[in-house]
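**Student:** Shown below is the structure under consideration.
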There are 4 protein chains.
Amino acid sequence: MIVVLKHGVTDDKRDQLISWLKNLGLQIHISVGAYQTVLGLIGDTSRVDMDLVGSLEIVDAVKRVTEPFKCCNRKFHPEDMVVDCQGVKIGGGNFVMIAGPCSVESEEQIVAVAKAVKAAGAQMLRGGAFKPRTSPYDFPGLKATGLELLKIARQETGLPFVTEIMSVADLPLFEDVDMLQVGARNMQNFDLLRELGKMDKPILLKRGLANTLKELLMSAEYIMANGNEQVVLCERGIRTYSDYTRNTLDISAVPMLHELSHLPVIVDPSHATGIAKLVPPCALAGAAAGADGLIIEVHNDPIHALCDGAQSLRPEEYAALAGKVKKLREAIV
Amino acid sequence: MIVVLKHGVTDDKRDQLISWLKNLGLQIHISVGAYQTVLGLIGDTSRVDMDLVGSLEIVDAVKRVTEPFKCCNRKFHPEDMVVDCQGVKIGGGNFVMIAGPCSVESEEQIVAVAKAVKAAGAQMLRGGAFKPRTSPYDFPGLKATGLELLKIARQETGLPFVTEIMSVADLPLFEDVDMLQVGARNMQNFDLLRELGKMDKPILLKRGLANTLKELLMSAEYIMANGNEQVVLCERGIRTYSDYTRNTLDISAVPMLHELSHLPVIVDPSHATGIAKLVPPCALAGAAAGADGLIIEVHNDPIHALCDGAQSLRPEEYAALAGKVKKLREAIV
Amino acid sequence: MIVVLKHGVTDDKRDQLISWLKNLGLQIHISVGAYQTVLGLIGDTSRVDMDLVGSLEIVDAVKRVTEPFKCCNRKFHPEDMVVDCQGVKIGGGNFVMIAGPCSVESEEQIVAVAKAVKAAGAQMLRGGAFKPRTSPYDFPGLKATGLELLKIARQETGLPFVTEIMSVADLPLFEDVDMLQVGARNMQNFDLLRELGKMDKPILLKRGLANTLKELLMSAEYIMANGNEQVVLCERGIRTYSDYTRNTLDISAVPMLHELSHLPVIVDPSHATGIAKLVPPCALAGAAAGADGLIIEVHNDPIHALCDGAQSLRPEEYAALAGKVKKLREAIV
Amino acid sequence: MIVVLKHGVTDDKRDQLISWLKNLGLQIHISVGAYQTVLGLIGDTSRVDMDLVGSLEIVDAVKRVTEPFKCCNRKFHPEDMVVDCQGVKIGGGNFVMIAGPCSVESEEQIVAVAKAVKAAGAQMLRGGAFKPRTSPYDFPGLKATGLELLKIARQETGLPFVTEIMSVADLPLFEDVDMLQVGARNMQNFDLLRELGKMDKPILLKRGLANTLKELLMSAEYIMANGNEQVVLCERGIRTYSDYTRNTLDISAVPMLHELSHLPVIVDPSHATGIAKLVPPCALAGAAAGADGLIIEVHNDPIHALCDGAQSLRPEEYAALAGKVKKLREAIV
């Protein structure tokens with residue numbers, strides 16, 4: 001960390017600051033120039049409150065030189081992480097197709113969709129049992145029953161599944177789940193992240209509605225610092241002033257996250273756009289930008305879906321898209 | 001809810017849609033014009049997925065005529081709600097001054113700050129025991145011990161206190177807390193909201209980082225629909241592309257929320273700006289815009305604060321501000 | 001346009017509103033339901049101020065049924081527009097590769113870059129002669145001299161070129177320019193748009209920093225309503241709270257604009273990201289999302305570029321990218 | 001400017017960078033630490049492209065220590081600037097009330113409104129003659145005729161007036177205008193700013209729709225660097241994801257701009273909110289936050305206004321607000 005002092009600071013005030021910083025266990029390297037004095041802070045600067053130092057009267061600027069994330073930092077892990085979910089590999093050149101309905105609604109529905117997406121080339125099933133809904137009057141998911149139906153669909157098709165966990169209290173129900181999803185609204189539910197860090201299961205961590213890439217990586221850090229390194233990041237659209245789409249798919253997040261971190265990054269074009277017609281072009285864009293997979297909502301009867309029907313593809317539409325994604329990757333990867 | 005059909009839709013397709021809507025338990029009023037057909041949906045439209053209907057090929061536009069929130073809707077509760085926290089009244093002309101440190105750090109600290117803010121005119125104490133921190137390496141708060149220290153400060157000063165709850169699992173520890181705060185990151189932690197709805201304590205609900213007013217009110221609705229009507233809303237800044245402040249204080253949210261809802265609205269200028277110098281002008285702006293109170297960070301030793309020192313006022317600065325707020329309200333309310 | 005009246009409005013007030021609307025030259029179709037009255041406005045509603053009507057005490061909601069843009073609306077022009085720039089076709093299946101430096105710096109530089117990008121497969125040259133710079137102290141471009149150098153580069157390579165116009169006053173200098181670019185900061189410089197609408201040259205219209213798709217289309221409408229239909233839209237990134245990239249490339253804008261309008265849409269990944277390493281993946285994403293072309297900054301000596309060196313590709317990097325774009329389009333289009 | 005080099009950079013590469021920086025006319029102060037090397041750049045760093053330096057392989061971070069604006073920087077002008085508009089003083093404790101209709105519509109209208117706002121305490125008149133409209137089909141203002149009507153209103157009331165200029169080409173028409181307004185959409189119309197910098201009239205510079213404070217100040221810098229120091233800044237709301245208001249009034253911009261610059265700052269609550277009911281609370285908030293004035297839309301017949309009727313106050317509403325603003329300022333300034 002670099003602290004630039006204002007021009008004309010007295011030695012007295014400067015030494016007071018240095019002594020305070022040393023008390024935090026840091027070594028200080030002082031560089032006195034003609035126009036400014038620069039302090040280089042050496043040691044574990046993760047405990048230093050940058051905003052506070054920056055607000056001091058004698059300080060002109062503070063700059064963190066190293067990123068505050070370590071476990072998920074590519075600098076310390078140059079090789080791509082490959083996450084394994086029941087034999088399905090994600091990252092390091094392994095591309096995963098995950099598909100399924102927004103919500104599990106019935107055995108008939110989830111089994112039918114699972115079979116359809118498998119036939120279309122999906123390697124994993126998605127489906128919500130616990131649903132975060134903006135309104136208390138909306139369908140909240142089938143909960144424990146939904147999890148059971150997902151297991152039946154897995155048995156029928158062999159597809160491992162990913163499903164959202166909303167609360168630490170529900171963890172015991174997720175023992176036989178293949179991959180746990182942290183939804184956008186829970187990206188900074190730190191208690192939940194900490195508990196998932198103690199598990200031995202892959203975690204799908206979705207970017208929050210208006211969170212920066214650094215915040216997303218800090219949330220991955222919560223999970224990894226507690227021992228679980230099997231984290232897959234997911235870009236699912238951010239909130240802007242968009243007038244036609246539900247969110248704005250931040251496509252550059254894919255290559256930028258790959259620069260910053262060795263974790264796999266997948267794209268969710270369904271939630272990013274909210275409009276079925278836009279899902280195929282945005283899914284292809286995700287693959288072209290280097291994503292390690294796509295998670296897409298598919299429903300066999302969108303018009304009667306209890307949730308998110310407007311953004312669901314029909315199985316035949318998904319199959320066509322899956323074929324294009326394959327061709328695209330063969331052409332450019 | 002109004003559904004506008006596209007020009008030239010066949011009777012057949014129109015009747016299919018009408019029959020589907022009737023199956024949802026709605027009455028349909030059809031108005032056929034020269035250029036367009038409009039369907040008026042009568043009944044409980046809260047179960048209708050607007051996005052889905054809007055995505056149908058024959059539909060041109062869908063418009064919800066009534067707001068999706070009921071319990072917190074001023075239309076149904078024209079009188080201001082007055083929330084009572086251990087005798088301190090908030091709303092309906094009652095203005096509350098809440099102050100205290102970001103985090104409880106020690107008995108000495110919290111008692112000293114509590115006495116100082118009481119002397120300056122505060123009616124309630126704030127202080128974090130459970131702290132949501134972006135980094136897993138930052139100070140997470142004193143937790144249960146912190147709650148005990150808050151109770152000691154209350155005993156020493158008589159000030160009721162508000163403190164943040166982050167997880168349903170921690171609820172048993174909050175039995176003797178006067179007011180529970182839902183932080184910005186948990187505004188859509190629906191499980192937590194639901195449980196708080198079953199309590200008989202006032203709730204301070206902070207607006208999420210990038211949440212709309214409608215989403216904030218829907219979160220209040222979660223609490224109220226479960227039986228607890230003692231909700232105070234808090235504007236604390238939203239995320240934008242601001243280059244100097246941590247967040248952007250959305251001052252118009254205060255009068256707009258008062259239009260939409262009968263719930264009290266308070267302002268948190270400390271988190272909104274992140275800069276101590278900006279807190280007094282923004283606090284005065286909040287009072288001038290009609291807020292029902294202010295929650296402000298005060299620390300007796302900001303330079304050594306374990307958290308958010310950059311945005312904390314010193315007790316004497318707070319006292320000066322409190323005096324100005326009082327004068328301002330006398331002049332214009 | 002649909003106007004929904006509040007429940008319980010008196011006939012008197014209703015008739016007053018209707019008479020006012022009729023004075024605007026509209027026909028009014030009244031539909032009285034049990035719970036609400038809906039007015040259907042028929043005629044040229046483009047002169048009706050929706051916000052004003054919505055603010056009336058007796059009005060519950062106003063909904064524009066038809067989009068306010070006509071000339072660029074796909075509803076009225078189902079076929080893709082193909083723009084022709086000196087024989088280079090854009091749109092309707094014709095994909096254009098435009099490349100060149102941010103700024104024209106010297107004859108040597110622009111001719112060298114033009115030759116390099118032509119060899120790499122570019123069909124058009126880009127280069128700024130008039131540069132909008134945030135700071136009055138930054139390099140403002142070579143202006144008239146820059147335009148002359150672009151013409152020399154055109155002569156040497158046969159590539160038509162596109163360059164930015166910043167002011168109506170400069171128009172006489174642009175007579176021998178092949179395509180005029182309206183930059184993001186001028187997207188709502190309506191006087192400029194109006195004048196460009198009177199020209200017989202193709203216009204490249206960049207989306208403003210924080211403008212919606214509707215606003216972009218309304219700006220295209222300004223040009224087209226004045227007679228010039230040769231407009232190419234350009235998505236170049238929007239402002240968000242992004243922490244690593246200069247802007248956020250709104251990739252879903254590409255398919256969404258194609259839904260709304262018949263105009264060609266190209267992508268500028270250089271300005272969208274501001275980082276050379278992110279340009280290739282974002283360019284590929286643009287092509288995969290269905291863009292009709294890519295405009296990319298290429299410099300033969302980025303380290304000495306007077307402007308935007310950080311986001312410029314070297315000619316050999318551009319050649320590699322152009323090859324991938326070609327393969328991608330062969331695979332999926 | 002501080003450049004932090006990556007750990008382990010070779011002397012060779014370091015010296016290459018230093019030599020390049022020296023060629024830009026800078027002195028370089030090198031500070032070699034155990035973990036990092038820091039270069040201090042001394043001299044005129046305004047020509048250094050930070051993004052480019054930051055993108056170099058050997059560079060870890062770049063930090064500008066001094067702000068890029070000079071003429072409008074409070075560091076170099078500690079005293080508040082007082083702008084004088086025909087005897088009306090703005091800034092340095094002088095508070096200005098500016099009011100009038102969005103558009104000049106007729107002599108009768110503008111004279112009536114001018115008399116009404118003068119009676120209510122306004123010191124300056126506002127009114128648009130040249131109107132930037134998103135749609136080419138909307139009322140564009142009375143143009144030259146509108147300017148003449150403003151002069152008549154000035155003659156009738158003695159109020160100096162401010163009106164918007166949209167294009168350099170229109171400048172000759174503005175010779176007898178008291179104060180020229182640069183609208184939000186033209187904040188980065190640099191050619192216009194440069195010309196206004198050569199005038200001897202006060203300029204009202206509105207913040208752009210999504211511009212940062214630094215960008216606003218850089219635009220003021222354009223005007224001032226060309227010789228005209230009479231600039232008044234105006235916060236008028238920024239674009240966010242707001243669901244009820246047209247824009248989001250960034251109230252903290254007022255005190256923050258006062259920290260950064262010595263220029264006066266006024267607030268426009270009419271455009272910031274777009275809703276007449278929200279104008280009084282937001283106007284009061286502006287005054288409470290320390291603004292040097294308020295510019296507010298007032299119309300004697302909002303329902304028939306050709307533009308922005310929804311956000312206009314009636315004269316009696318404005319008079320009531322003006323009274324409250326006066327009381328508020330007496331109480332707290």
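Chain lettering (A, B, ...) mirrors the order of the structure tokens, residue numbering begins at 1 for each chain separately, and ligand numbering begins at 1 in order of display.
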Up to 8 Å from chain A, what residues of chain B turn up? Count only C-alpha atoms and give them as a ChimeraX atom specification.

**Tutor:** /B:46-47,49,51-55,68,132-138,166-169,185-186,188-191,209-210,215,218-219,221-222,225,239,275,303,307-311

**Student:** Which residues are near Leu257 of chain D? Cut-off 12 Å, only C-alpha atoms, ignore same chain within fewer than 6 positions. Put them as a short mmCIF file (atom, residue, chain, number, x, y, z; two decimals) with N, CA and C atoms, in the first residue's frame.

**Tutor:**
```cif
data_model
loop_
_atom_site.label_atom_id
_atom_site.label_comp_id
_atom_site.auth_asym_id
_atom_site.auth_seq_id
_atom_site.Cartn_x
_atom_site.Cartn_y
_atom_site.Cartn_z
N ASP B 243 -17.74 9.47 -8.45
CA ASP B 243 -16.28 9.36 -8.39
C ASP B 243 -15.66 9.86 -7.09
N TYR B 244 -16.44 10.48 -6.22
CA TYR B 244 -15.85 10.98 -4.98
C TYR B 244 -16.52 10.41 -3.72
N THR B 245 -17.79 10.06 -3.82
CA THR B 245 -18.49 9.55 -2.64
C THR B 245 -18.69 8.04 -2.76
N LEU B 278 -18.97 15.45 4.60
CA LEU B 278 -20.22 15.57 3.85
C LEU B 278 -21.44 15.19 4.69
N CYS D 72 -10.46 25.83 -11.98
CA CYS D 72 -11.64 25.76 -11.10
C CYS D 72 -11.32 25.03 -9.80
N ASN D 73 -10.05 24.84 -9.50
CA ASN D 73 -9.63 24.07 -8.34
C ASN D 73 -9.53 24.97 -7.10
N ARG D 74 -10.23 24.59 -6.05
CA ARG D 74 -10.20 25.42 -4.84
C ARG D 74 -8.81 25.47 -4.23
N ASP D 80 -14.30 31.68 -2.10
CA ASP D 80 -15.45 31.43 -2.96
C ASP D 80 -15.48 32.42 -4.12
N ARG D 207 -24.69 19.82 -15.08
CA ARG D 207 -24.03 18.51 -15.09
C ARG D 207 -24.75 17.58 -16.06
N THR D 212 -19.54 12.42 -14.14
CA THR D 212 -18.98 12.49 -12.80
C THR D 212 -18.68 13.95 -12.44
N LEU D 213 -18.37 14.17 -11.17
CA LEU D 213 -18.02 15.52 -10.74
C LEU D 213 -16.73 15.98 -11.42
N LYS D 214 -15.80 15.05 -11.59
CA LYS D 214 -14.55 15.44 -12.24
C LYS D 214 -14.80 15.88 -13.68
N GLU D 215 -15.67 15.17 -14.37
CA GLU D 215 -15.99 15.55 -15.75
C GLU D 215 -16.67 16.92 -15.80
N LEU D 216 -17.57 17.16 -14.83
CA LEU D 216 -18.22 18.47 -14.76
C LEU D 216 -17.18 19.57 -14.58
N LEU D 217 -16.25 19.33 -13.68
CA LEU D 217 -15.22 20.34 -13.43
C LEU D 217 -14.28 20.50 -14.63
N ALA D 220 -16.03 22.83 -16.89
CA ALA D 220 -15.86 24.21 -16.40
C ALA D 220 -14.47 24.70 -16.78
N VAL D 232 -21.14 29.12 -13.17
CA VAL D 232 -21.95 28.59 -12.08
C VAL D 232 -22.27 27.14 -12.42
N LEU D 233 -21.98 26.22 -11.49
CA LEU D 233 -22.27 24.80 -11.70
C LEU D 233 -23.69 24.49 -11.29
N CYS D 234 -24.30 23.50 -11.94
CA CYS D 234 -25.68 23.14 -11.59
C CYS D 234 -25.87 21.63 -11.52
N GLU D 235 -26.28 21.15 -10.35
CA GLU D 235 -26.65 19.73 -10.18
C GLU D 235 -28.13 19.61 -10.53
N ASP D 250 -28.47 14.19 -7.02
CA ASP D 250 -27.26 13.81 -6.27
C ASP D 250 -26.93 14.94 -5.30
N ILE D 251 -27.57 14.90 -4.14
CA ILE D 251 -27.48 16.03 -3.21
C ILE D 251 -26.08 16.21 -2.66
N LEU D 263 -16.17 27.49 -7.31
CA LEU D 263 -17.29 27.98 -8.11
C LEU D 263 -18.62 27.82 -7.36
N PRO D 264 -19.60 28.70 -7.61
CA PRO D 264 -20.92 28.52 -7.01
C PRO D 264 -21.62 27.28 -7.58
N VAL D 265 -22.49 26.69 -6.76
CA VAL D 265 -23.23 25.49 -7.16
C VAL D 265 -24.70 25.72 -6.89
N ILE D 266 -25.54 25.57 -7.92
CA ILE D 266 -26.98 25.68 -7.66
C ILE D 266 -27.65 24.35 -7.99
N VAL D 267 -28.90 24.20 -7.56
CA VAL D 267 -29.63 22.94 -7.71
C VAL D 267 -30.89 23.17 -8.53
N ALA D 289 -28.26 21.67 1.98
CA ALA D 289 -26.96 21.08 1.68
C ALA D 289 -25.92 22.15 1.34
N GLY D 290 -26.35 23.41 1.28
CA GLY D 290 -25.40 24.48 1.07
C GLY D 290 -25.35 25.05 -0.33
N ALA D 291 -26.35 24.75 -1.14
CA ALA D 291 -26.35 25.28 -2.51
C ALA D 291 -26.35 26.80 -2.48
N ASP D 292 -25.86 27.40 -3.58
CA ASP D 292 -25.83 28.85 -3.72
C ASP D 292 -27.03 29.38 -4.47
#
```

**Student:** Between atom CA of Ile203 of chain B and atom CA of Pro140 of chain A, what is the distance, to one decimal in Å?

**Tutor:**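 Value for the atom CA of Ile203 of chain B-atom CA of Pro140 of chain A distance: 23.0 Å.
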
**Student:** To one decimal place, how far is atom CA of Cys102 of chain B from atom CA of Gly197 of chain A in Å?

**Tutor:**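 So the answer is 27.0 Å.
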
**Student:** Run DSSP on the backbone and grab whatever in segment 98-245 of chain C lands in strand (DSSP E or B); send it over as a list in words.

**Tutor:**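 Here is the list: Ile98, Ala99, Gly100, Ser103, Met124, Leu125, Arg126, Gly128, Phe161, Val162, Thr163, Glu164, Met179, Leu180, Gln181, Val182, Ile203, Leu204, Leu205, Lys206, Val231, Val232, Leu233, Cys234, Glu235 and Ile238 of chain C.
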
**Student:** Can you list, as number ranges by chain, all residues belonging to segment 271-309 of chain A that DSSP tags as alpha helix (DSSP H)?

**Tutor:** A: 271-273, 279-288
